[in-house]
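Participant: First the structure, which I've put down as C-alpha cells, then a few questions once you've had a look.
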Amino acid sequence: MPRRKTPLINNQFYHIFNRTIDGKEIFTNKKIIKRALITLFYYQYQNPPLRLSYFLEKSKEEQEKIWQTLKQKNKKLVEIIAYCLMPNHYHLQLKQLIDNGISIFISKFQNSFTKFFNTLTNRFGHLFESQFKAKVILNEEELIHINRYIHLNPYTSFLIKDIEDLKSYFASSLPEYLNKKQGFCEKSLILSHFKNLKEYWQFIRNQADYQRKLNQIKHLIFD
C-alpha cells in the first residue's frame, strides 16, 4: 500500500472518504444501509468481544448487554462526528483517539461490510478502493463547514431534489443532528456553534452561503 501523504494524528479531526471499485452502487436500500451503519457504530470501539456477524446472531437482550458494556468502557478508536453514505461512496467526519485509530476503524468497517455485501450478492473480492482518502481539518470553522458539506452531499449531487427531504435522509447523520432519529455521533462540538437546531438547519439549508464557503474549503473536499 502506498505511503499516506496526510499523517493521521491523535485528537485531530479528519474528513474521510472512499468510493467503491469501478463506482459500483452498493448503498442502495435500507437493509444494506442499516447494516453499514451498525458496522460503523460497532467498530468505533477498540475491542468488541465478537465479530459483528456473531453479535447480530445474539438475542436482543444479549446484544443490549454488549452495547452497554462497550459504552461504559468508552474505549474508542475514533469519535464519529458525521457521516453520509452515498450509492457508491461514503463520507465520514472523524476524530482519531488512539494511534492508528482511523486506519484500524476503516479497515474493520470495510472488511466487515464487504463480507456481508459479498455474501448477500454472491460476489467475491474487494469492494472499496485500496486506500481511503483523508483530509485534515485545521480549525473549528472548517469543522462546521465540512460537516455541512457532508450533510448536503445527497442534495448537491441531486440524489435528493427537495432540500426538505434531506432532514429524513436515512443514510446520513443529519436526521440525528436534528433529533429526527437516535444515533451515535458526537454532535456537541458542532451544535455548540449554533443557538438552536433551527439555526443549525438554516446553516445547512443556506445553499448560497454554502457555495460561498465552498471555495474556502476546496482543499478539504475530494474530487
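Lettering and numbering for the C-alpha cells are positional, with chains as A, B, ... in the shown order, residues counted from 1 in each chain, and ligands counted from 1 in the shown order.
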Please report as JSON lines every residue of segment 109-199 of chain A lying within 10 Å of segment 29-35 of chain A, along with the nearest atom pair and their distance in Å (one decimal), using only C-alpha atoms.
Facilitator:
{"residue": "A:Ser112", "atom": "CA", "partner": "A:Arg35", "partner_atom": "CA", "distance": 9.8}
{"residue": "A:Phe113", "atom": "CA", "partner": "A:Arg35", "partner_atom": "CA", "distance": 7.6}
{"residue": "A:Phe116", "atom": "CA", "partner": "A:Arg35", "partner_atom": "CA", "distance": 8.4}
{"residue": "A:Phe117", "atom": "CA", "partner": "A:Ile32", "partner_atom": "CA", "distance": 7.8}
{"residue": "A:Leu120", "atom": "CA", "partner": "A:Ile32", "partner_atom": "CA", "distance": 9.3}
{"residue": "A:Phe170", "atom": "CA", "partner": "A:Lys30", "partner_atom": "CA", "distance": 7.7}
{"residue": "A:Ala171", "atom": "CA", "partner": "A:Ile33", "partner_atom": "CA", "distance": 6.3}
{"residue": "A:Ser172", "atom": "CA", "partner": "A:Ile33", "partner_atom": "CA", "distance": 9.8}
Participant: Generate a file of the selected residues that holds C-alpha atoms, formatted as an mmCIF file, in the first residue's frame.
Facilitator:
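This is the output file again_21.cif:
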data_model
loop_
_atom_site.group_PDB
_atom_site.id
_atom_site.type_symbol
_atom_site.label_atom_id
_atom_site.label_comp_id
_atom_site.auth_asym_id
_atom_site.auth_seq_id
_atom_site.Cartn_x
_atom_site.Cartn_y
_atom_site.Cartn_z
ATOM 1 C CA SER A 112 -16.835 -6.475 7.740
ATOM 2 C CA PHE A 113 -19.209 -4.742 5.358
ATOM 3 C CA PHE A 116 -21.679 -9.022 4.366
ATOM 4 C CA PHE A 117 -22.247 -7.498 0.924
ATOM 5 C CA LEU A 120 -25.641 -11.118 0.204
ATOM 6 C CA PHE A 170 -31.767 7.642 6.158
ATOM 7 C CA ALA A 171 -28.096 7.202 5.231
ATOM 8 C CA SER A 172 -26.902 10.466 6.768
#
Participant: Residues at most 8 Å from segment 149-152 of chain A, counting only C-alpha atoms, excluding those fewer than 4 positions away in the same chain, as JSON, numbers by chain?
Facilitator: {"A": [82, 83, 84, 91, 92, 145, 156, 166, 172, 173, 174, 204, 210]}
Participant: Pick from A:Arg148, A:Lys24, A:Arg205, A:Lys180: nearest to Met86 of chain A, with only C-alpha atoms counted?
Facilitator: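 So, comparing all the options, the nearest one is A:Lys24.
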Participant: Determine the nearest neighbour of Thr6 of chain A from the options A:Ile81, A:Ala134, A:Ile144, A:Leu127, counting only C-alpha atoms.
Facilitator: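 Of A:Ile81, A:Ala134, A:Ile144, A:Leu127, the one nearest Thr6 of chain A is A:Ala134, counting only C-alpha atoms.
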Participant: Got a sec: who's within 12 Å of Phe55 of chain A, counting only C-alpha atoms, leaving out chain neighbours fewer than 4 positions off, as a PyMOL selection string?
Facilitator: chain A and resi 38-39+42-43+48-51+59-67
Participant: Show which residues sit within 10 Å of segment 186-191 of chain A, as a ChimeraX atom specification. Count only C-alpha atoms, and ignore same-chain residues fewer than 5 positions away.
Facilitator: /A:79-82,94-95,140-141,143-145,147-148,173,176-177,196-197,199-200
Participant: Deliver the residues from the most recent selection as a file, using C-alpha atoms, as a compact mmCIF listing (two decimals), in the first residue's frame.
Facilitator:
# COMPACT_ATOMS: atom_id res chain seq x y z
CA GLU A 79 -15.22 9.67 17.53
CA ILE A 80 -17.74 9.80 14.70
CA ILE A 81 -18.80 13.41 14.18
CA ALA A 82 -20.83 12.95 11.00
CA LEU A 94 -13.85 11.64 12.43
CA LYS A 95 -11.63 12.45 15.37
CA GLU A 140 -13.44 24.81 14.09
CA GLU A 141 -14.64 26.91 11.15
CA LEU A 143 -15.06 21.62 11.05
CA ILE A 144 -18.57 23.06 10.75
CA HIS A 145 -18.31 23.72 7.01
CA ASN A 147 -19.99 18.97 8.49
CA ARG A 148 -22.36 20.90 6.24
CA SER A 173 -26.31 11.71 10.30
CA GLU A 176 -29.64 12.55 14.10
CA TYR A 177 -28.42 16.14 14.40
CA ASN A 196 -30.59 26.02 18.48
CA LEU A 197 -31.39 23.31 15.95
CA GLU A 199 -30.28 27.88 13.36
CA TYR A 200 -28.18 24.80 12.55
Participant: Just give me the gap between atom CA of His15 of chain A and atom CA of Ser157 of chain A in Å, one decimal is fine.
Facilitator: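 Rounded to one decimal, the two atoms are 18.0 Å apart.
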Participant: DSSP on the backbone, then: every residue of chain A marked alpha helix (DSSP H), written as a ChimeraX atom specification.
Facilitator: /A:30-43,52-55,60-73,101-121,140-156,174-177,188-191,197-205,207-214
Participant: Export C-alpha atoms of the chosen residues as an mmCIF file, in the first residue's frame?
Facilitator:
data_model
loop_
_atom_site.group_PDB
_atom_site.id
_atom_site.type_symbol
_atom_site.label_atom_id
_atom_site.label_comp_id
_atom_site.auth_asym_id
_atom_site.auth_seq_id
_atom_site.Cartn_x
_atom_site.Cartn_y
_atom_site.Cartn_z
ATOM 1 C CA LYS A 30 -32.429 0.350 3.790
ATOM 2 C CA LYS A 31 -31.330 -3.179 4.658
ATOM 3 C CA ILE A 32 -27.825 -2.619 3.285
ATOM 4 C CA ILE A 33 -27.574 0.903 4.686
ATOM 5 C CA LYS A 34 -28.727 -0.260 8.121
ATOM 6 C CA ARG A 35 -26.016 -2.935 8.135
ATOM 7 C CA ALA A 36 -23.386 -0.354 7.155
ATOM 8 C CA LEU A 37 -24.466 1.970 9.967
ATOM 9 C CA ILE A 38 -24.425 -0.813 12.554
ATOM 10 C CA THR A 39 -20.945 -1.722 11.317
ATOM 11 C CA LEU A 40 -19.740 1.865 11.758
ATOM 12 C CA PHE A 41 -21.236 2.048 15.242
ATOM 13 C CA TYR A 42 -19.883 -1.324 16.368
ATOM 14 C CA TYR A 43 -16.315 -0.984 15.145
ATOM 15 C CA LEU A 52 -20.315 -8.201 14.188
ATOM 16 C CA SER A 53 -21.876 -11.151 12.357
ATOM 17 C CA TYR A 54 -21.786 -13.187 15.597
ATOM 18 C CA PHE A 55 -23.066 -10.246 17.630
ATOM 19 C CA LYS A 60 -31.830 -8.597 21.712
ATOM 20 C CA GLU A 61 -31.129 -8.882 25.443
ATOM 21 C CA GLU A 62 -27.589 -10.178 24.872
ATOM 22 C CA GLN A 63 -26.938 -7.503 22.273
ATOM 23 C CA GLU A 64 -28.063 -4.796 24.673
ATOM 24 C CA LYS A 65 -25.719 -6.096 27.384
ATOM 25 C CA ILE A 66 -22.794 -5.971 24.942
ATOM 26 C CA TRP A 67 -23.722 -2.435 23.837
ATOM 27 C CA GLN A 68 -23.920 -1.256 27.427
ATOM 28 C CA THR A 69 -20.543 -2.805 28.259
ATOM 29 C CA LEU A 70 -18.912 -1.141 25.253
ATOM 30 C CA LYS A 71 -20.464 2.230 26.092
ATOM 31 C CA GLN A 72 -19.458 2.027 29.754
ATOM 32 C CA LYS A 73 -15.865 1.222 28.917
ATOM 33 C CA GLY A 101 -7.325 4.601 15.229
ATOM 34 C CA ILE A 102 -8.774 5.794 11.923
ATOM 35 C CA SER A 103 -6.908 3.212 9.851
ATOM 36 C CA ILE A 104 -7.976 0.367 12.149
ATOM 37 C CA PHE A 105 -11.564 1.611 12.197
ATOM 38 C CA ILE A 106 -11.832 1.960 8.416
ATOM 39 C CA SER A 107 -10.203 -1.434 7.886
ATOM 40 C CA LYS A 108 -12.651 -3.147 10.244
ATOM 41 C CA PHE A 109 -15.628 -1.312 8.758
ATOM 42 C CA GLN A 110 -14.735 -2.041 5.138
ATOM 43 C CA ASN A 111 -13.719 -5.664 5.722
ATOM 44 C CA SER A 112 -16.835 -6.475 7.740
ATOM 45 C CA PHE A 113 -19.209 -4.742 5.358
ATOM 46 C CA THR A 114 -17.534 -6.279 2.299
ATOM 47 C CA LYS A 115 -18.017 -9.786 3.711
ATOM 48 C CA PHE A 116 -21.679 -9.022 4.366
ATOM 49 C CA PHE A 117 -22.247 -7.498 0.924
ATOM 50 C CA ASN A 118 -20.391 -10.261 -0.926
ATOM 51 C CA THR A 119 -22.386 -12.952 0.873
ATOM 52 C CA LEU A 120 -25.641 -11.118 0.204
ATOM 53 C CA THR A 121 -24.955 -10.608 -3.502
ATOM 54 C CA GLU A 140 -13.445 24.810 14.091
ATOM 55 C CA GLU A 141 -14.638 26.909 11.146
ATOM 56 C CA GLU A 142 -13.502 24.209 8.747
ATOM 57 C CA LEU A 143 -15.064 21.618 11.048
ATOM 58 C CA ILE A 144 -18.574 23.062 10.754
ATOM 59 C CA HIS A 145 -18.307 23.721 7.012
ATOM 60 C CA ILE A 146 -17.140 20.183 6.300
ATOM 61 C CA ASN A 147 -19.994 18.967 8.488
ATOM 62 C CA ARG A 148 -22.362 20.903 6.244
ATOM 63 C CA TYR A 149 -20.649 19.676 3.087
ATOM 64 C CA ILE A 150 -21.091 16.060 4.194
ATOM 65 C CA HIS A 151 -24.731 16.540 5.130
ATOM 66 C CA LEU A 152 -25.515 18.394 1.892
ATOM 67 C CA ASN A 153 -23.939 15.717 -0.299
ATOM 68 C CA PRO A 154 -27.197 13.940 -1.253
ATOM 69 C CA TYR A 155 -28.756 17.263 -2.241
ATOM 70 C CA THR A 156 -25.808 18.759 -4.129
ATOM 71 C CA LEU A 174 -28.315 14.890 9.594
ATOM 72 C CA PRO A 175 -31.595 13.429 10.970
ATOM 73 C CA GLU A 176 -29.635 12.553 14.098
ATOM 74 C CA TYR A 177 -28.421 16.141 14.400
ATOM 75 C CA SER A 188 -21.916 18.660 20.767
ATOM 76 C CA LEU A 189 -18.908 20.449 19.261
ATOM 77 C CA ILE A 190 -20.740 21.211 16.010
ATOM 78 C CA LEU A 191 -24.004 22.237 17.655
ATOM 79 C CA LEU A 197 -31.395 23.309 15.948
ATOM 80 C CA LYS A 198 -33.373 25.722 13.786
ATOM 81 C CA GLU A 199 -30.279 27.877 13.359
ATOM 82 C CA TYR A 200 -28.184 24.800 12.554
ATOM 83 C CA TRP A 201 -30.717 23.720 9.917
ATOM 84 C CA GLN A 202 -30.668 27.196 8.387
ATOM 85 C CA PHE A 203 -26.886 26.920 8.188
ATOM 86 C CA ILE A 204 -27.274 23.611 6.345
ATOM 87 C CA ARG A 205 -30.096 24.893 4.139
ATOM 88 C CA GLN A 207 -27.204 26.977 -0.266
ATOM 89 C CA ALA A 208 -25.904 30.384 -1.306
ATOM 90 C CA ASP A 209 -23.752 30.655 1.800
ATOM 91 C CA TYR A 210 -22.572 27.104 1.269
ATOM 92 C CA GLN A 211 -21.445 27.946 -2.249
ATOM 93 C CA ARG A 212 -19.582 30.955 -0.986
ATOM 94 C CA LYS A 213 -17.751 28.895 1.621
ATOM 95 C CA LEU A 214 -17.100 26.034 -0.780
#
Participant: Quick one: DSSP strand (DSSP E or B) residues in segment 20-94 of chain A, as an NGL selection string?
Facilitator: :A and (20 or 45 or 76 or 78-86 or 89-94)
Participant: Please write the residues from the selection above to a file, keeping N, CA and C atoms, as a compact mmCIF listing (two decimals), in the first residue's frame.
Facilitator:
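Just written: again13.txt:
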# COMPACT_ATOMS: atom_id res chain seq x y z
N THR A 20 -16.36 3.01 -4.01
CA THR A 20 -16.33 1.60 -4.42
C THR A 20 -15.49 1.43 -5.68
N TYR A 45 -15.51 1.10 18.50
CA TYR A 45 -14.95 0.67 19.78
C TYR A 45 -13.69 -0.16 19.56
N LYS A 76 -12.69 3.94 22.57
CA LYS A 76 -12.98 4.04 21.15
C LYS A 76 -11.69 4.26 20.34
N VAL A 78 -12.10 5.96 17.41
CA VAL A 78 -12.42 7.26 16.83
C VAL A 78 -13.71 7.79 17.46
N GLU A 79 -13.91 9.08 17.32
CA GLU A 79 -15.22 9.67 17.53
C GLU A 79 -15.81 9.95 16.16
N ILE A 80 -17.04 9.53 15.96
CA ILE A 80 -17.74 9.80 14.70
C ILE A 80 -18.52 11.09 14.87
N ILE A 81 -18.15 12.11 14.11
CA ILE A 81 -18.80 13.41 14.18
C ILE A 81 -19.98 13.47 13.20
N ALA A 82 -19.78 12.95 12.01
CA ALA A 82 -20.83 12.95 11.00
C ALA A 82 -20.53 11.88 9.97
N TYR A 83 -21.58 11.48 9.24
CA TYR A 83 -21.41 10.50 8.17
C TYR A 83 -22.46 10.72 7.09
N CYS A 84 -22.16 10.25 5.91
CA CYS A 84 -23.14 10.20 4.83
C CYS A 84 -22.74 9.08 3.89
N LEU A 85 -23.68 8.18 3.67
CA LEU A 85 -23.46 7.09 2.71
C LEU A 85 -24.17 7.45 1.42
N MET A 86 -23.41 7.53 0.36
CA MET A 86 -23.95 7.76 -0.97
C MET A 86 -23.94 6.42 -1.72
N HIS A 89 -20.15 5.70 -2.62
CA HIS A 89 -19.05 6.20 -1.78
C HIS A 89 -19.59 6.61 -0.42
N TYR A 90 -18.65 6.90 0.48
CA TYR A 90 -19.07 7.38 1.80
C TYR A 90 -18.18 8.53 2.25
N HIS A 91 -18.75 9.38 3.09
CA HIS A 91 -18.03 10.46 3.75
C HIS A 91 -18.14 10.28 5.25
N LEU A 92 -17.04 10.47 5.96
CA LEU A 92 -17.04 10.42 7.41
C LEU A 92 -16.27 11.63 7.95
N GLN A 93 -16.76 12.18 9.04
CA GLN A 93 -16.03 13.21 9.76
C GLN A 93 -15.65 12.58 11.10
N LEU A 94 -14.34 12.42 11.31
CA LEU A 94 -13.85 11.64 12.43
C LEU A 94 -12.81 12.40 13.24
Participant: I'd like to know which of A:Lys135, A:Lys75, A:Lys5, A:Lys195 is closest to Ile98 of chain A, using only C-alpha atoms.
Facilitator: A:Lys75
Participant: What does the distance from atom CA of Asn18 of chain A to atom CA of Lys133 of chain A come to in Å, to one decimal?
Facilitator: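 Result for atom CA of Asn18 of chain A versus atom CA of Lys133 of chain A: 6.2 Å, one decimal.
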